[in-house]
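> Have a look at the structure that comes next, please.
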Amino acid sequence: MLNRYLQIGVVALSLGLLAALFATTKPGDTSRPDTLKAGETVAKSDIAAPQDESAETKAPVASQSRAILSVQGMTCSGCIAQIKSSLAGLEGIGDVRVDLANGQVEVRYDSERLKDTERIAAAITGAGYPATLKQVQTAKEIADDFRLGASKSKRYIARVGDLDILRSDYDTEMNHARKRYERVFGKDVFKADRGNALLDGLQSQVALRLIDEGVQLNEIRKTDYKLDTDTLKNAFDEFLNQRSVTPDEFKRTIVESGLDYDYFLKKFENRVTINTYVEEKVLSGLSNEQQRQQQYQDWFNNARLLANTVYYDKDVENFVKNSSQSSGCRSACTKGNDTAKSGCKSACVRKSSASKAGGQSDCVRKGSAAKSGCPGAGSKRQ
C-alpha cells in the first residue's frame with residue numbers, strides 16, 4: 001500500500017542517475033546523455049536567470065509588477081514554449097517563468113502598459129492551458145519579498161505555506177548524498193562537466209523531496225492533527241524488527257553512514273506522521289489500490305496548490321526549475337501507459353479548444369501518476 005511510497009530510506013538518493021550518466025557516455029565524451037534529465041542544462045530563455053542577472057536582484061521600477069498563476073496541463077518544454085508564445089502579443093509583458101513541477105507560471109509585466117491582469121490568464125487559457133490568477137504583486141511588494149528572502153535564506157531555503165524548510169536539513173541531506181556517491185564512485189565523481197551536472201541533479205532532488213514533505217506536513221498541521229506517541233514507538237519498533245537489529249546497532253549504523261541520528265529520528269517521525277494521517281484521514285474506507293493512489297494524488301496536488309511555495313534561496317530555486325523544465329515530453333510520457341504516451345504530443349502541441357486540451361493533459365497526468373506512484377513521498381525523485 002502507501003507504505004511502499006512513504007518509506008524511510010535513511011535519506012537514500014537513487015544511484016540510477018549516476019549509473020545512467022556513466023553507462024551511456026564514452027570516455028572523453030563531455031556531452032550529457034538523454035537519461036541525465038535532472039541536472040541537464042536548458043536554454044537560458046526557458047529558465048530563471050542566474051542570480052547576478054535576475055530581475056530579483058535589481059531594484060524594480062515603479063510600474064513593474066508580478067502576476068502568479070496556477071496553470072493546468074503543463075507537461076514539458078513544448079508547453080513552456082506554447083505559454084510564452086501566447087503571452088508574446090500582450091503589451092508590457094516581461095520575464096516569464098514556468099514551473100512545471102508545481103503547475104505555476106510567474107509573469108513580470110509593466111502595470112502602466114498592461115492594466116487588466118486577467119488578460120494574462122485569458123491568453124494562457126486560450127493556448128490550451130487553463131489558468132487562474134492567484135496573486136498580483138506591486139514593485140514595492142516584490143522588493144519587500146526580495147529583502148525578506150535575502151534575510152531568510154541564511155536559515156531557510158524556502159517556505160511551503162506556513163512551514164519554513166531549514167537550510168540545515170538541506171545541507172545535512174546534501175552532505176550525506178555527496179558522501180554516498182564518493183564512497184561508491186570515488187572522490188572525483190563530482191569533477192568536470194558530468195560531475196557538475198550530477199551535483200545539480202542531486203541538489204534538485206534533495207530540495208524537491210524536502211518541499212514535497214513540507215507540502216504534506218503543512219496541510220496536516222492545518223488540521224491540528226497530532227501523532228500518538230505509542231503509534232510512533234510501535235512504528236519504530238516494527239522498523240527495527242524488519243531489519244533484525246537492536247536500537248543500539250541501528251544507531252551505530254546510522255552514525256557510521258555519516259548521517260546525524262537525531263536528524264534521522266526527526267525525518268522518521270515526519271514520515272510516520274504523514275503515513276498515518278494519509279491512511280486515517282485521506283484514504284479511510286478505500287481498499288482499491290488504484291482509487292487509493294488517485295485519492296492520494298488529488299489530496300497532494302491540492303495541498304501543493306494551496307501551499308504556495310516561496311524560495312528564499314534563488315540558487316536552489318533555479319536548480320529545481322532547471323530540473324522541471326528540462327524533463328521534456330519523454331519524461332512526462334514514458335512513465336505512463338499507451339494512452340498517456342499517445343496523448344503527449346497533443347499535450348504539448350495544443351490546437352484544440354482550451355477545455356479539450358485541459359482534458360487531454362489530465363489524462364496524461366493521471367496515466368503517468370498511476371504508474372509512477374505517489375510523488376509526495378519522493379518515490380520518483382529518490
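Ordering of the C-alpha cells sets the chain letters (A, B, ...), residue numbers begin anew at 1 in every chain, and ligands are numbered from 1 in the order given.
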Where in range 102-294 of chain A does DSSP assign strand (DSSP E or B), given as a PyMOL selection string?

chain A and resi 104-110+131-137+156-160+163-166

> Could you list, as a list of chain:residue names, every residue within 12 Å of Arg221 in chain A, counting only C-alpha atoms and ignoring same-chain residues fewer than 4 positions away?

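The contact residues come out as A:Val160, A:Gly161, A:Asp162, A:Leu163, A:Gly214, A:Val215, A:Gln216, A:Leu217, A:Tyr225, A:Lys226, A:Leu227, A:Asn270, A:Thr273, A:Ile274, A:Tyr277, A:Ala303, A:Ala307.
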
> What would the file look like if the residues just selected were written as a tab-separated table (two decimals), in the first residue's frame with C-alpha atoms?


```tsv
chain	number	residue	atom	x	y	z
A	160	VAL	CA	5.85	26.00	1.97
A	161	GLY	CA	2.61	27.54	3.19
A	162	ASP	CA	3.35	28.41	6.81
A	163	LEU	CA	6.23	25.97	7.10
A	214	GLY	CA	6.78	20.23	3.61
A	215	VAL	CA	3.66	20.39	1.44
A	216	GLN	CA	2.18	17.39	3.24
A	217	LEU	CA	3.21	18.46	6.73
A	225	TYR	CA	-3.56	16.50	13.80
A	226	LYS	CA	-1.15	15.04	16.37
A	227	LEU	CA	0.66	11.74	16.07
A	270	ASN	CA	7.71	13.16	9.80
A	273	THR	CA	3.04	11.32	10.73
A	274	ILE	CA	2.32	11.68	7.01
A	277	TYR	CA	-2.57	10.78	8.60
A	303	ALA	CA	-2.17	20.65	-0.82
A	307	ALA	CA	0.74	25.83	-0.02
```

> Could you pull the residues within 7 Å of range 83-95 of chain A, counting only C-alpha atoms, minus those fewer than 4 positions along the same chain, as a tab-separated table (two decimals) with C-alpha atoms, in the first residue's frame?


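Listing of out_4.tsv after writing:
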```tsv
chain	number	residue	atom	x	y	z
A	79	CYS	CA	4.25	23.54	-23.11
A	107	VAL	CA	4.89	36.76	-15.24
A	108	ARG	CA	6.71	40.08	-14.82
A	109	TYR	CA	4.85	42.92	-16.54
A	110	ASP	CA	4.61	46.70	-16.75
A	113	ARG	CA	1.08	49.29	-20.08
A	114	LEU	CA	-1.00	46.28	-19.01
A	120	ILE	CA	-2.67	37.18	-18.87
A	123	ALA	CA	-4.10	34.35	-23.05
A	124	ILE	CA	-2.65	31.24	-21.39
A	127	ALA	CA	-3.45	28.48	-25.69
```

> Would you please give, as number ranges by chain, all residues of range 146-214 of chain A that DSSP assigns to helix (DSSP H, G or I) based on the backbone?

A: 146-152, 167-185, 187-190, 192-214

> How would the residues just picked look written out with C-alpha atoms as a CSV table (one decimal), in the first residue's frame?


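Dumped everything to selection-v3.csv:
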```
chain,number,residue,atom,x,y,z
A,146,PHE,CA,13.4,40.1,-2.0
A,147,ARG,CA,14.6,41.7,1.2
A,148,LEU,CA,12.8,39.1,3.3
A,149,GLY,CA,14.2,36.3,1.1
A,150,ALA,CA,17.8,37.6,1.4
A,151,SER,CA,17.4,37.7,5.2
A,152,LYS,CA,15.6,34.4,5.5
A,167,ARG,CA,18.8,25.1,5.4
A,168,SER,CA,20.4,22.8,7.9
A,169,ASP,CA,18.1,20.0,6.7
A,170,TYR,CA,19.1,20.7,3.1
A,171,ASP,CA,22.8,20.8,4.0
A,172,THR,CA,22.5,17.6,6.0
A,173,GLU,CA,20.9,15.6,3.1
A,174,MET,CA,23.3,17.1,0.5
A,175,ASN,CA,26.4,16.2,2.6
A,176,HIS,CA,25.1,12.7,3.1
A,177,ALA,CA,24.3,12.2,-0.5
A,178,ARG,CA,27.7,13.5,-1.7
A,179,LYS,CA,29.5,11.1,0.7
A,180,ARG,CA,27.4,8.2,-0.5
A,181,TYR,CA,28.3,8.9,-4.1
A,182,GLU,CA,32.0,9.5,-3.3
A,183,ARG,CA,32.2,6.2,-1.3
A,184,VAL,CA,30.8,4.2,-4.2
A,185,PHE,CA,32.3,6.0,-7.2
A,187,LYS,CA,36.3,11.3,-4.8
A,188,ASP,CA,36.5,12.6,-8.4
A,189,VAL,CA,32.8,11.8,-9.1
A,190,PHE,CA,31.7,15.5,-8.9
A,192,ALA,CA,34.3,18.1,-14.7
A,193,ASP,CA,31.0,18.8,-16.6
A,194,ARG,CA,29.4,15.4,-15.8
A,195,GLY,CA,30.1,15.8,-12.1
A,196,ASN,CA,28.7,19.3,-12.1
A,197,ALA,CA,25.5,18.0,-13.8
A,198,LEU,CA,25.2,15.2,-11.3
A,199,LEU,CA,25.6,17.7,-8.4
A,200,ASP,CA,22.9,19.9,-9.9
A,201,GLY,CA,20.6,16.9,-10.1
A,202,LEU,CA,21.3,15.9,-6.5
A,203,GLN,CA,20.6,19.5,-5.3
A,204,SER,CA,17.3,19.5,-7.2
A,205,GLN,CA,16.3,16.1,-5.9
A,206,VAL,CA,17.1,16.9,-2.2
A,207,ALA,CA,15.2,20.3,-2.5
A,208,LEU,CA,12.2,18.7,-4.1
A,209,ARG,CA,12.0,15.9,-1.5
A,210,LEU,CA,12.1,18.5,1.3
A,211,ILE,CA,9.5,20.6,-0.5
A,212,ASP,CA,7.2,17.7,-1.1
A,213,GLU,CA,7.5,16.6,2.6
A,214,GLY,CA,6.8,20.2,3.6
```

> Determine, counting only C-alpha atoms, which protein, DNA and RNA residues have an atom within 8 Å of an atom of Tyr156 in chain A; residues of the same chain fewer than 5 positions away are not included. Present the result as a PyMOL selection string.

chain A and resi 164-168+312-313

> Rounded to one decimal, what separation in Å do you get between CA of Gln104 in chain A and CA of Ile68 in chain A?

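Separation of CA of Gln104 in chain A and CA of Ile68 in chain A: 7.1 Å.
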
> Tell me, as a PyMOL selection string, which residues lie within 10 Å of Glu118 in chain A, counting only C-alpha atoms; anything in the same chain fewer than 4 positions away does not count.

chain A and resi 67+114+122-123+131-133

> Write a file of the just-selected residues containing N, CA and C atoms, as a short mmCIF file (atom, residue, chain, number, x, y, z; two decimals), in the first residue's frame.


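Result file is selection.cif:
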```cif
data_model
loop_
_atom_site.label_atom_id
_atom_site.label_comp_id
_atom_site.auth_asym_id
_atom_site.auth_seq_id
_atom_site.Cartn_x
_atom_site.Cartn_y
_atom_site.Cartn_z
N ALA A 67 2.64 38.81 -11.74
CA ALA A 67 1.42 38.01 -11.64
C ALA A 67 1.80 36.54 -11.50
N LEU A 114 -0.01 47.37 -19.07
CA LEU A 114 -1.00 46.28 -19.01
C LEU A 114 -1.82 46.47 -17.73
N ALA A 122 -6.24 34.84 -19.45
CA ALA A 122 -7.04 34.52 -20.64
C ALA A 122 -6.16 34.07 -21.80
N ALA A 123 -5.00 34.71 -21.96
CA ALA A 123 -4.10 34.35 -23.05
C ALA A 123 -3.55 32.93 -22.87
N ALA A 131 -5.82 28.62 -16.94
CA ALA A 131 -5.02 29.40 -16.00
C ALA A 131 -5.92 30.21 -15.07
N THR A 132 -5.51 30.28 -13.81
CA THR A 132 -6.22 31.06 -12.80
C THR A 132 -5.24 31.99 -12.13
N LEU A 133 -5.58 33.27 -12.05
CA LEU A 133 -4.72 34.25 -11.40
C LEU A 133 -4.75 34.04 -9.89
#
```

> So what do you get for CA of Leu283 in chain A versus CA of Val310 in chain A, distance-wise?

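About the pair CA of Leu283 in chain A and CA of Val310 in chain A: they are 28.8 Å apart.
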